[in-house]
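The next block holds one structure in the form of structure tokens; read it before the comments.
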4 protein chains.
Amino acid sequence: MGNTFGHLFRITTYGESHGGVVGVVIDGCPPLLEISAAEIQVELDRRRPGQSEVATPRNELDLCEIMSGVFQGKTTGTPINIQVKNKDARSRDYSQMEQAYRPSHADATYDAKYGIRDPFGGGRSSARETIGRVAAGAIAKKILQIANNIEVIGYVKRIHDLEATVDSNTVTMAEVESNIVRCPDSICADQMKAKIKAMIAQGDSIGGVVECVVRNMPKGLGMPVFDRLEADIAKGVMSLPATKGFEIGSGFAGTLMTGSEHNDEFYTDANGEIRTRTNRSGGTQGGISNGEHIIIRVAFKPTATIRKEQNTVTTAGEETTLSAKGRHDPCVLPRAVPMVEAMVALVLCDHLLRYYAQCKVLPTV
Amino acid sequence: MGNTFGHLFRITTYGESHGGVVGVVIDGCPPLLEISAAEIQVELDRRRPGQSEVATPRNELDLCEIMSGVFQGKTTGTPINIQVKNKDARSRDYSQMEQAYRPSHADATYDAKYGIRDPFGGGRSSARETIGRVAAGAIAKKILQIANNIEVIGYVKRIHDLEATVDSNTVTMAEVESNIVRCPDSICADQMKAKIKAMIAQGDSIGGVVECVVRNMPKGLGMPVFDRLEADIAKGVMSLPATKGFEIGSGFAGTLMTGSEHNDEFYTDANGEIRTRTNRSGGTQGGISNGEHIIIRVAFKPTATIRKEQNTVTTAGEETTLSAKGRHDPCVLPRAVPMVEAMVALVLCDHLLRYYAQCKVLPTV
Amino acid sequence: MGNTFGHLFRITTYGESHGGVVGVVIDGCPPLLEISAAEIQVELDRRRPGQSEVATPRNELDLCEIMSGVFQGKTTGTPINIQVKNKDARSRDYSQMEQAYRPSHADATYDAKYGIRDPFGGGRSSARETIGRVAAGAIAKKILQIANNIEVIGYVKRIHDLEATVDSNTVTMAEVESNIVRCPDSICADQMKAKIKAMIAQGDSIGGVVECVVRNMPKGLGMPVFDRLEADIAKGVMSLPATKGFEIGSGFAGTLMTGSEHNDEFYTDANGEIRTRTNRSGGTQGGISNGEHIIIRVAFKPTATIRKEQNTVTTAGEETTLSAKGRHDPCVLPRAVPMVEAMVALVLCDHLLRYYAQCKVLPTV
Amino acid sequence: MGNTFGHLFRITTYGESHGGVVGVVIDGCPPLLEISAAEIQVELDRRRPGQSEVATPRNELDLCEIMSGVFQGKTTGTPINIQVKNKDARSRDYSQMEQAYRPSHADATYDAKYGIRDPFGGGRSSARETIGRVAAGAIAKKILQIANNIEVIGYVKRIHDLEATVDSNTVTMAEVESNIVRCPDSICADQMKAKIKAMIAQGDSIGGVVECVVRNMPKGLGMPVFDRLEADIAKGVMSLPATKGFEIGSGFAGTLMTGSEHNDEFYTDANGEIRTRTNRSGGTQGGISNGEHIIIRVAFKPTATIRKEQNTVTTAGEETTLSAKGRHDPCVLPRAVPMVEAMVALVLCDHLLRYYAQCKVLPTV
């Protein structure tokens with residue numbers, strides 16, 4: 001339970017960190033969509049380890065294969081299975097981790113819940129699980145693009161106390177990808193890079209905030225009550241490893257405004273479209289998209305795995321210390337950008353399908 | 001679609017603001033639980049309008065009736081339908097709202113999505129919908145209490161820029177209920193009350209932050225991947241009206257720490273239980289509860305309905321102005337407390353059932 | 001759990017036989033559908049007790065009220081709650097049933113599962129639960145009719161050993177409703193009526209087979225693997241009380257043919273449409289509708305409640321005898337017709353929405 | 001959509017007939033279950049082609065690999081991915097089928113729904129899809145066996161007009177497996193074998209009925225309303241390829257009895273257990289298991305693929321004839337036995353978990 005996401009455009013991920021494969025089964029994909037492993041690989045390359053000097057030096061190519069659901073380059077409407085082979089390196093680095101609970105990791109809770117756990121590379125709790133999400137997200141993005149030219153663009157907004165200046169109305173994917181930190185503010189990006197390198201030197205880690213904007217949103221996606229668009233997006237991104245917070249629009253800062261300051265006034269634009277002059281709502285009202293940009297932010301904690309020695313206990317409960325020997329990210333933010341985009345795209349694609357189901361089935365009178 | 005919440009302990013709400021009824025159907029409730037309308041009413045009274053001078057003066061008693069699923073005071077395992085009759089006051093106050101889109105309300109998005117909308121009191125987008133959630137939450141709370149003495153306690157942590165000092169380890173429901181703001185810091189509560197009254201005078205509104213702590217959590221609730229406990233809680237609370245942000249544990253502030261500062265070191269307590277010395281994780285690791293307190297925060301925007309005149313458009317797109325005439329909350333926070341508690345309790349109860357399903361069915365070797 | 005049916009057009013029923021209400025919440029209904037309580041009542045009148053001399057003499061009008069989700073005669077896209085008040089006659093007839101397990105009834109299994117049970121009129125296991133299904137089915141039928149002029153027509157095909165001759169290609173609702181047995185073969189209907197009356201005289205009961213045809217089916221509804229159209233229909237009708245079997249197309253009799261006798265050959269009709277010359281498949285191939293009529297049959301056992309004395313045990317397990325005193329149907333078939341139609345319509349409506357979700361969202365190249 | 005089955009013990013199958021892999025992801029499996037590929041292979045060998053002279057001569061070993069979710073021989077509670085590599089023989093036999101719609105196959109409906117279809121070996125509509133079900137069913141069976149020593153035994157009850165005599169109370173798996181037809185009545189099995197061979201000679205095919213009994217059923221599995229145990233089993237088996245009908249207990253024949261003949265009288269057995277003297281109900285009452293054997297029957301049509309020439313149309317709608325050249329089963333019944341068992345076991349396992357969720361979470365008073 002818990003390994004499936006989405007109501008109509010529905011993904012199920014599987015696999016652990018080491019040995020075998022990780023992957024995803026996508027059910028409910030519209031047929032006749034042109035899709036290739038190469039297109040999916042573009043997104044996977046954005047999340048793969050070893051991609052830059054600010055990511056973990058563990059070098060894995062994470063090449064994906066489409067195992068089913070695509071015929072002669074087009075989706076057939078049947079389940080799409082995409083998988084990536086794991087490197088089989090079970091022996092190294094992790095013998096210690098099998099014995100000692102890594103602070104702020106899932107080792108202890110898995111043991112408490114299941115009484116068993118694959119310890120290699122974190123097993124199922126490894127961030128490798130997100131490969132399946134990013135692969136599925138690549139397909140969701142393409143559907144959104146075809147359906148309404150919808151753009152989903154994430155970027156690093158803040159690392160530790162370094163906050164970038166980014167105009168969410170104009171930022172481009174090229175700007176995001178122009179540096180290894182994935183921060184479109186190039187001056188800030190350099191500072192961020194320096195700070196991450198300092199963390200590597202200290203054997204410590206840092207966190208930050210990813211912001212994600214969705215442009216060309218149609219009106220009407222999302223549901224009134226429990227499946228509000230922002231609630232489903234919140235669930236999607238809060239299901240990513242290392243997330244501690246979520247905001248939409250004005251977020252926590254909006255609680256410092258009064259209603260008259262915060263409300264988004266309506267006007268009618270030159271095309272006769274009802275719009276809002278401001279976007280403190282962040283693109284939804286009453287859980288339903290209003291056609292303005294969706295804008296969200298996600299807090300990622302500093303990476304739990306650090307070289308610095310920490311106090312912890314063994315699986316038997318005895319006190320010990322732990323200094324991580326594995327090669328890990330000093331800061332997950334640059335690699336988290338495609339993950340956030342993927343979760344946002346998956347939610348929007350699911351709601352796009354749900355919109356057609358409920359609102360297009362009867363002829364408009 | 002979108003009106004059902006939960007996987008096993010599953011609720012479906014129904015009803016609009018005016019005329020008829022609002023209510024909830026709870027499916028999957030364990031049998032033989034003693035429950036009465038009076039117990040549920042206690043929670044409904046905490047959310048009802050007209051309860052104090054800082055809430056909307058609209059006085060509705062919101063008396064609930066259990067319509068099915070309970071026999072001789074005990075649940076039977078069949079669907080529990082709880083409903084509250086609406087006052088039927090369709091004529092007053094809302095004629096204007098039928099014509100003009102209220103800024104930062106759901107009127108315009110409902111029209112865009114469905115092409116139709118019950119305008120009276122916001123129809124389905126009314127906060128009256130949360131009556132069903134709070135009623136169901138009362139039952140969920142009781143199950144949690146019986147199962148493991150689990151306590152779910154929410155309180156107002158901040159209103160506008162007034163932040164309370166509250167010890168989440170010791171705060172009691174009595175302290176929360178000791179004042180009409182539901183802020184256990186009584187000095188701050190008085191300041192909050194004054195600020196809300198100032199807003200009433202100005203015809204404006206304010207927002208803030210509700211914090212919620214869960215104590216006596218068992219280990220092992222939550223799922224590794226998509227249905228992480230924090231992801232499901234995030235979805236639950238972000239589905240409440242007026243929410244703009246969610247945090248667990250260290251939240252956004254945690255992104256300003258390094259890994260060595262942020263990690264929760266493990267130790268073994270006097271009872272041989274593996275614990276963490278700090279709780280920046282907020283009670284979950286890898287999406288699964290670790291037995292520490294769950295601690296979350298939810299941002300509520302300032303109430304969208306205000307007396308101050310605002311620019312907006314009519315349903316036909318023509319420019320107009322609007323000054324709300326209805327009686328509305330100048331600040332939703334005091335009434336939001338039981339709503340947040342309800343959503344948290346519903347998620348935990350659902351995961352408690354899921355835990356039994358997966359982890360108790362086979363005999364432990 | 002178990003009280004919700006459907007994936008997109010989703011119903012949740014609630015309520016027990018006596019006291020309070022029975023009803024249904026419909027979630028996912030397309031907006032702007034004109035619907036009235038009167039239209040729904042037409043279907044409810046076809047299932048209500050006391051409607052004729054071959055039904056239970058218990059006379060209940062079962063008048064429905066639409067409690068939410070409809071505004072000015074049109075659906076709003078929000079949950080539609082339809083309810084029927086129960087007569088409150090808890091005292092009579094059932095004192096014995098509270099003590100003795102009625103053979104082939106759900107009393108004993110409810111006690112075994114839940115440890116508690118509302119005994120009045122069978123509580124949740126009462127056929128009154130089907131009121132909600134039939135009410136929701138009325139709406140589903142209307143959607144099917146508007147979307148593609150789809151007709152769902154059920155009728156009594158056999159009672160005990162009396163089998164009617166009915167042409168499923170031409171049978172009309174008027175023919176079905178032309179007699180109280182709901183058998184369009186009027187000669188056979190008279191024999192059936194006589195046989196049912198004989199059963200009443202003997203204090204015994206009989207069963208039979210309802211057949212249901214769906215005409216003007218579009219191609220493409222249904223899913224390849226688990227959610228095959230026939231699988232979902234099977235689940236729907238087998239969830240009705242007293243059902244013991246299900247067939248589609250050739251059914252069990254088809255197993256007596258060879259492949260060359262059984263296969264439905266394709267041809268192209270005058271409109272250039274690919275059709276099959278025969279319809280042993282019953283309207284689906286590979287789980288997906290092929291545009292031919294859907295034709296199914298459902299076996300209903302003889303009513304379990306009879307006046308004849310039967311051996312049974314008390315709730316304490318002691319031997320006793322039981323002669324039902326309540327007023328019950330000697331044969332459920334006439335009243336089962338609208339129930340079967342409702343379940344078939346609900347499944348088709350759900351799959352119609354699912355079809356739009358998956359196959360209409362991308363522009364056809 | 002439609003490729004996932006089960007609520008808590010939930011499987012998702014993927015893959016087409018040729019090229020790549022077919023497989024299944026099982027989510028929700030209890031942890032610490034000992035399971036090996038070899039155990040799963042036992043069931044897969046019962047369904048594999050080429051296993052005997054009455055099955056298709058296509059010889060495929062269908063060796064399975066566990067790709068995730070099992071660590072050191074035990075389930076970890078995370079998704080179990082089991083896959084079987086397809087032989088890659090895309091070139092042969094199927095060129096004709098790409099052009100001409102095979103009568104009573106899914107080719108035409110897939111094209112109508114999706115506008116695209118993998119034609120090799122039937123693509124997704126191939127019976128190879130059932131590999132994933134049978135593999136998952138092997139695990140479900142083991143859980144049922146450990147939990148309550150539950151036995152799920154299927155067998156061929158009838159082929160064409162040859163009906164076997166089998167005592168469902170005593171039949172053993174060894175008897176079922178004692179001959180290649182999987183009919184425990186060895187005399188009838190020989191006749192069946194001869195009849196199948198005659199069909200091979202004629203280039204034709206036959207169908208029949210699989211019966212399945214479940215023994216050592218606990219009381220209390222199943223849900224009152226939509227998720228009745230028999231409804232979920234009906235859906236499960238009717239989702240298998242080539243099925244046309246389903247019965248439980250007395251089935252269609254039961255409609256020829258009166259209520260007094262049909263009812264199952266209760267008595268108390270020597271262990272103080274409330275039992276029924278007969279089992280026309282087939283093991284459930286009111287949708288919930290009563291502790292008696294579950295007994296069901298499933299009708300399988302004659303195999304659609306035959307060597308005999310048939311009239312059909314091309315994908316362009318032009319008339320043509322078709323004589324199947326591929327190697328196909330003249331009668332699916334022997335290989336369908338493990339498929340039926342798998343679907344029954346999956347439903348029961350899911351309901352076992354659901355039972356624990358709802359009925360074991362609160363302490364019994």
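Letters A, B, ... mark the chains of the structure tokens in the order given; residue numbers begin at 1 per chain; ligand numbers begin at 1, in order shown.
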**OP:** Can you pull out every residue within 9 Å of Ser239 (chain A), counting only C-alpha atoms, but drop anything in the same chain fewer than 6 positions away, and send it as a list of chain:residue names?
**Re:**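 Contacts, in chain order: A:Met343, B:Pro224, B:Val225, B:Phe226, B:Asp227, B:Arg228, B:Leu229, B:Glu230, B:Ala231, B:Asp232, B:Gly287.
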Take the residues from that selection and write them out as an mmCIF file, in the first residue's frame, keeping N, CA and C atoms.
```
data_model
loop_
_atom_site.group_PDB
_atom_site.id
_atom_site.type_symbol
_atom_site.label_atom_id
_atom_site.label_comp_id
_atom_site.auth_asym_id
_atom_site.auth_seq_id
_atom_site.Cartn_x
_atom_site.Cartn_y
_atom_site.Cartn_z
ATOM 1 N N MET A 343 6.197 15.699 -9.779
ATOM 2 C CA MET A 343 5.011 15.502 -8.938
ATOM 3 C C MET A 343 3.919 16.501 -9.309
ATOM 4 N N PRO B 224 5.805 4.044 3.107
ATOM 5 C CA PRO B 224 7.086 4.547 2.615
ATOM 6 C C PRO B 224 7.023 5.583 1.495
ATOM 7 N N VAL B 225 6.186 5.421 0.513
ATOM 8 C CA VAL B 225 6.382 6.198 -0.701
ATOM 9 C C VAL B 225 5.338 7.316 -0.839
ATOM 10 N N PHE B 226 4.263 7.084 -1.533
ATOM 11 C CA PHE B 226 3.342 8.197 -1.786
ATOM 12 C C PHE B 226 2.468 8.510 -0.575
ATOM 13 N N ASP B 227 2.073 7.480 0.143
ATOM 14 C CA ASP B 227 1.165 7.701 1.270
ATOM 15 C C ASP B 227 1.940 7.890 2.567
ATOM 16 N N ARG B 228 3.036 8.638 2.482
ATOM 17 C CA ARG B 228 3.749 9.026 3.700
ATOM 18 C C ARG B 228 2.775 9.708 4.644
ATOM 19 N N LEU B 229 2.998 9.518 5.908
ATOM 20 C CA LEU B 229 2.082 10.091 6.885
ATOM 21 C C LEU B 229 2.010 11.611 6.704
ATOM 22 N N GLU B 230 3.158 12.267 6.504
ATOM 23 C CA GLU B 230 3.154 13.721 6.375
ATOM 24 C C GLU B 230 2.504 14.147 5.060
ATOM 25 N N ALA B 231 2.613 13.323 4.015
ATOM 26 C CA ALA B 231 1.978 13.666 2.735
ATOM 27 C C ALA B 231 0.464 13.587 2.872
ATOM 28 N N ASP B 232 -0.006 12.555 3.560
ATOM 29 C CA ASP B 232 -1.456 12.427 3.737
ATOM 30 C C ASP B 232 -1.997 13.510 4.670
ATOM 31 N N GLY B 287 8.438 8.813 6.151
ATOM 32 C CA GLY B 287 6.995 8.751 5.958
ATOM 33 C C GLY B 287 6.263 7.927 6.999
#
```
Original post:
Please, which residues of region 249-297 of chain D, numbered as in this document, come out alpha helix (DSSP H) from DSSP, as a ChimeraX atom specification?
Top reply: /D:259-262
Those residues you just picked out, can you put them in a file as a JSON list (two decimals), in the first residue's frame with N, CA, C and O atoms?
```json
[["chain", "number", "residue", "atom", "x", "y", "z"],
["D", 259, "GLY", "N", -38.01, -21.50, -1.98],
["D", 259, "GLY", "CA", -37.27, -21.01, -0.82],
["D", 259, "GLY", "C", -37.10, -22.09, 0.23],
["D", 259, "GLY", "O", -36.02, -22.23, 0.82],
["D", 260, "SER", "N", -38.13, -22.86, 0.47],
["D", 260, "SER", "CA", -38.02, -23.89, 1.52],
["D", 260, "SER", "C", -37.05, -24.99, 1.11],
["D", 260, "SER", "O", -36.44, -25.64, 1.95],
["D", 261, "GLU", "N", -36.92, -25.22, -0.19],
["D", 261, "GLU", "CA", -35.93, -26.19, -0.66],
["D", 261, "GLU", "C", -34.51, -25.62, -0.65],
["D", 261, "GLU", "O", -33.54, -26.36, -0.51],
["D", 262, "HIS", "N", -34.43, -24.32, -0.86],
["D", 262, "HIS", "CA", -33.12, -23.70, -1.11],
["D", 262, "HIS", "C", -32.43, -23.22, 0.17],
["D", 262, "HIS", "O", -31.20, -23.25, 0.26]]
```
Once you count only C-alpha atoms, what closest atom pair and distance in Å to one decimal does each residue of chain A within 6 Å of chain D have, with rows by chain and rising residue number, as JSON lines?
```
{"residue": "A:Met1", "atom": "CA", "partner": "D:Gly28", "partner_atom": "CA", "distance": 4.2}
{"residue": "A:Tyr14", "atom": "CA", "partner": "D:Pro79", "partner_atom": "CA", "distance": 5.5}
{"residue": "A:Gly15", "atom": "CA", "partner": "D:Ser68", "partner_atom": "CA", "distance": 5.0}
{"residue": "A:Gly20", "atom": "CA", "partner": "D:Met67", "partner_atom": "CA", "distance": 5.3}
{"residue": "A:Asp27", "atom": "CA", "partner": "D:Met1", "partner_atom": "CA", "distance": 5.1}
{"residue": "A:Gly28", "atom": "CA", "partner": "D:Met1", "partner_atom": "CA", "distance": 4.2}
{"residue": "A:Pro31", "atom": "CA", "partner": "D:Tyr114", "partner_atom": "CA", "distance": 5.7}
{"residue": "A:Met67", "atom": "CA", "partner": "D:Gly20", "partner_atom": "CA", "distance": 5.3}
{"residue": "A:Ser68", "atom": "CA", "partner": "D:Gly15", "partner_atom": "CA", "distance": 5.0}
{"residue": "A:Phe71", "atom": "CA", "partner": "D:Asp118", "partner_atom": "CA", "distance": 5.9}
{"residue": "A:Thr76", "atom": "CA", "partner": "D:Ile116", "partner_atom": "CA", "distance": 5.8}
{"residue": "A:Pro79", "atom": "CA", "partner": "D:Tyr14", "partner_atom": "CA", "distance": 5.5}
{"residue": "A:Tyr114", "atom": "CA", "partner": "D:Pro31", "partner_atom": "CA", "distance": 5.7}
{"residue": "A:Ile116", "atom": "CA", "partner": "D:Thr76", "partner_atom": "CA", "distance": 5.7}
{"residue": "A:Arg117", "atom": "CA", "partner": "D:Thr76", "partner_atom": "CA", "distance": 5.9}
{"residue": "A:Asp118", "atom": "CA", "partner": "D:Phe71", "partner_atom": "CA", "distance": 5.9}
```
Original post:
Out of region 16-119 of chain A, which residues get strand (DSSP E) from DSSP, as a ChimeraX atom specification?
Top reply: /A:21-27,64-68,70-71,74-75,80-85
Residues from the last selection, C-alpha atoms, saved as a PDB file, in the first residue's frame:
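The resulting out-v4.pdb:
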```pdb
ATOM      1  CA  VAL A  21      15.666  -2.607 -10.987  1.00  0.00           C
ATOM      2  CA  VAL A  22      13.722   0.486 -10.048  1.00  0.00           C
ATOM      3  CA  GLY A  23      10.840   1.602 -12.158  1.00  0.00           C
ATOM      4  CA  VAL A  24       7.286   2.638 -12.625  1.00  0.00           C
ATOM      5  CA  VAL A  25       4.088   1.341 -14.158  1.00  0.00           C
ATOM      6  CA  ILE A  26       1.899   4.105 -15.594  1.00  0.00           C
ATOM      7  CA  ASP A  27      -1.746   3.200 -16.015  1.00  0.00           C
ATOM      8  CA  CYS A  64      15.766   3.906 -18.819  1.00  0.00           C
ATOM      9  CA  GLU A  65      14.046   1.291 -20.921  1.00  0.00           C
ATOM     10  CA  ILE A  66      10.382   1.292 -21.911  1.00  0.00           C
ATOM     11  CA  MET A  67       9.305  -2.287 -21.254  1.00  0.00           C
ATOM     12  CA  SER A  68       5.650  -2.141 -22.302  1.00  0.00           C
ATOM     13  CA  VAL A  70       4.442   1.766 -26.305  1.00  0.00           C
ATOM     14  CA  PHE A  71       4.183   0.423 -29.854  1.00  0.00           C
ATOM     15  CA  LYS A  74       3.290   5.668 -29.546  1.00  0.00           C
ATOM     16  CA  THR A  75       1.445   4.904 -26.342  1.00  0.00           C
ATOM     17  CA  ILE A  80       3.693   1.690 -19.568  1.00  0.00           C
ATOM     18  CA  ASN A  81       6.473   0.045 -17.623  1.00  0.00           C
ATOM     19  CA  ILE A  82       9.703   2.031 -17.506  1.00  0.00           C
ATOM     20  CA  GLN A  83      12.671   0.646 -15.678  1.00  0.00           C
ATOM     21  CA  VAL A  84      16.249   1.452 -14.814  1.00  0.00           C
ATOM     22  CA  LYS A  85      18.718  -1.231 -13.814  1.00  0.00           C
TER      23      LYS A  85
END
```
Subject >> Val213 (chain C) environment, 7 Å, only C-alpha atoms, sequence neighbours closer than 3 positions dropped, as a ChimeraX atom specification >> reply: /C:152-154,168,293-296
Selection above as a file: C-alpha atoms, as an mmCIF file, in the first residue's frame:
```
data_model
loop_
_atom_site.group_PDB
_atom_site.id
_atom_site.type_symbol
_atom_site.label_atom_id
_atom_site.label_comp_id
_atom_site.auth_asym_id
_atom_site.auth_seq_id
_atom_site.Cartn_x
_atom_site.Cartn_y
_atom_site.Cartn_z
ATOM 1 C CA VAL C 152 -30.936 0.028 -20.547
ATOM 2 C CA ILE C 153 -33.909 -2.333 -20.435
ATOM 3 C CA GLY C 154 -34.305 -5.164 -17.958
ATOM 4 C CA SER C 168 -33.944 -8.340 -26.770
ATOM 5 C CA HIS C 293 -26.113 -4.815 -27.701
ATOM 6 C CA ILE C 294 -24.905 -5.735 -24.267
ATOM 7 C CA ILE C 295 -26.940 -8.642 -23.022
ATOM 8 C CA ILE C 296 -26.628 -10.108 -19.550
#
```
With only C-alpha atoms counted and 12 Å as the cut-off, give the residues of region 202-301 of chain D in contact with region 328-338 of chain D, each with its shortest interatomic distance in Å and the pair that gives it, as JSON lines.
```
{"residue": "D:Gln202", "atom": "CA", "partner": "D:Pro330", "partner_atom": "CA", "distance": 9.9}
{"residue": "D:Gly203", "atom": "CA", "partner": "D:Pro330", "partner_atom": "CA", "distance": 8.0}
{"residue": "D:Asp204", "atom": "CA", "partner": "D:Pro330", "partner_atom": "CA", "distance": 6.7}
{"residue": "D:Ser205", "atom": "CA", "partner": "D:Pro330", "partner_atom": "CA", "distance": 4.5}
{"residue": "D:Ile206", "atom": "CA", "partner": "D:Cys331", "partner_atom": "CA", "distance": 5.3}
{"residue": "D:Gly207", "atom": "CA", "partner": "D:Cys331", "partner_atom": "CA", "distance": 5.8}
{"residue": "D:Gly208", "atom": "CA", "partner": "D:Leu333", "partner_atom": "CA", "distance": 6.6}
{"residue": "D:Val209", "atom": "CA", "partner": "D:Leu333", "partner_atom": "CA", "distance": 7.3}
{"residue": "D:Val210", "atom": "CA", "partner": "D:Val337", "partner_atom": "CA", "distance": 6.5}
{"residue": "D:Glu211", "atom": "CA", "partner": "D:Val337", "partner_atom": "CA", "distance": 8.3}
{"residue": "D:Cys212", "atom": "CA", "partner": "D:Val337", "partner_atom": "CA", "distance": 8.2}
{"residue": "D:Val213", "atom": "CA", "partner": "D:Val337", "partner_atom": "CA", "distance": 11.5}
{"residue": "D:Val237", "atom": "CA", "partner": "D:Ala336", "partner_atom": "CA", "distance": 10.2}
{"residue": "D:Leu240", "atom": "CA", "partner": "D:Ala336", "partner_atom": "CA", "distance": 8.7}
{"residue": "D:Pro241", "atom": "CA", "partner": "D:Ala336", "partner_atom": "CA", "distance": 9.2}
{"residue": "D:Ala242", "atom": "CA", "partner": "D:Val332", "partner_atom": "CA", "distance": 8.5}
{"residue": "D:Thr243", "atom": "CA", "partner": "D:Ala336", "partner_atom": "CA", "distance": 9.9}
{"residue": "D:Arg297", "atom": "CA", "partner": "D:Val337", "partner_atom": "CA", "distance": 10.9}
{"residue": "D:Val298", "atom": "CA", "partner": "D:Ala336", "partner_atom": "CA", "distance": 9.8}
{"residue": "D:Ala299", "atom": "CA", "partner": "D:Leu333", "partner_atom": "CA", "distance": 9.4}
{"residue": "D:Phe300", "atom": "CA", "partner": "D:Leu333", "partner_atom": "CA", "distance": 7.2}
{"residue": "D:Lys301", "atom": "CA", "partner": "D:Val332", "partner_atom": "CA", "distance": 8.6}
```
Subject >> Of the listed residues C:Glu319, C:Leu221, C:Gly286, C:Asn263, that which approaches Ala127 (chain D) most closely, counting only C-alpha atoms >> reply: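 Among C:Glu319, C:Leu221, C:Gly286, C:Asn263, it is C:Gly286 that comes nearest to Ala127 (chain D).
Picture a line from CA of Gly132 (chain B) to CA of Phe5 (chain C); it runs 20.5 Å.
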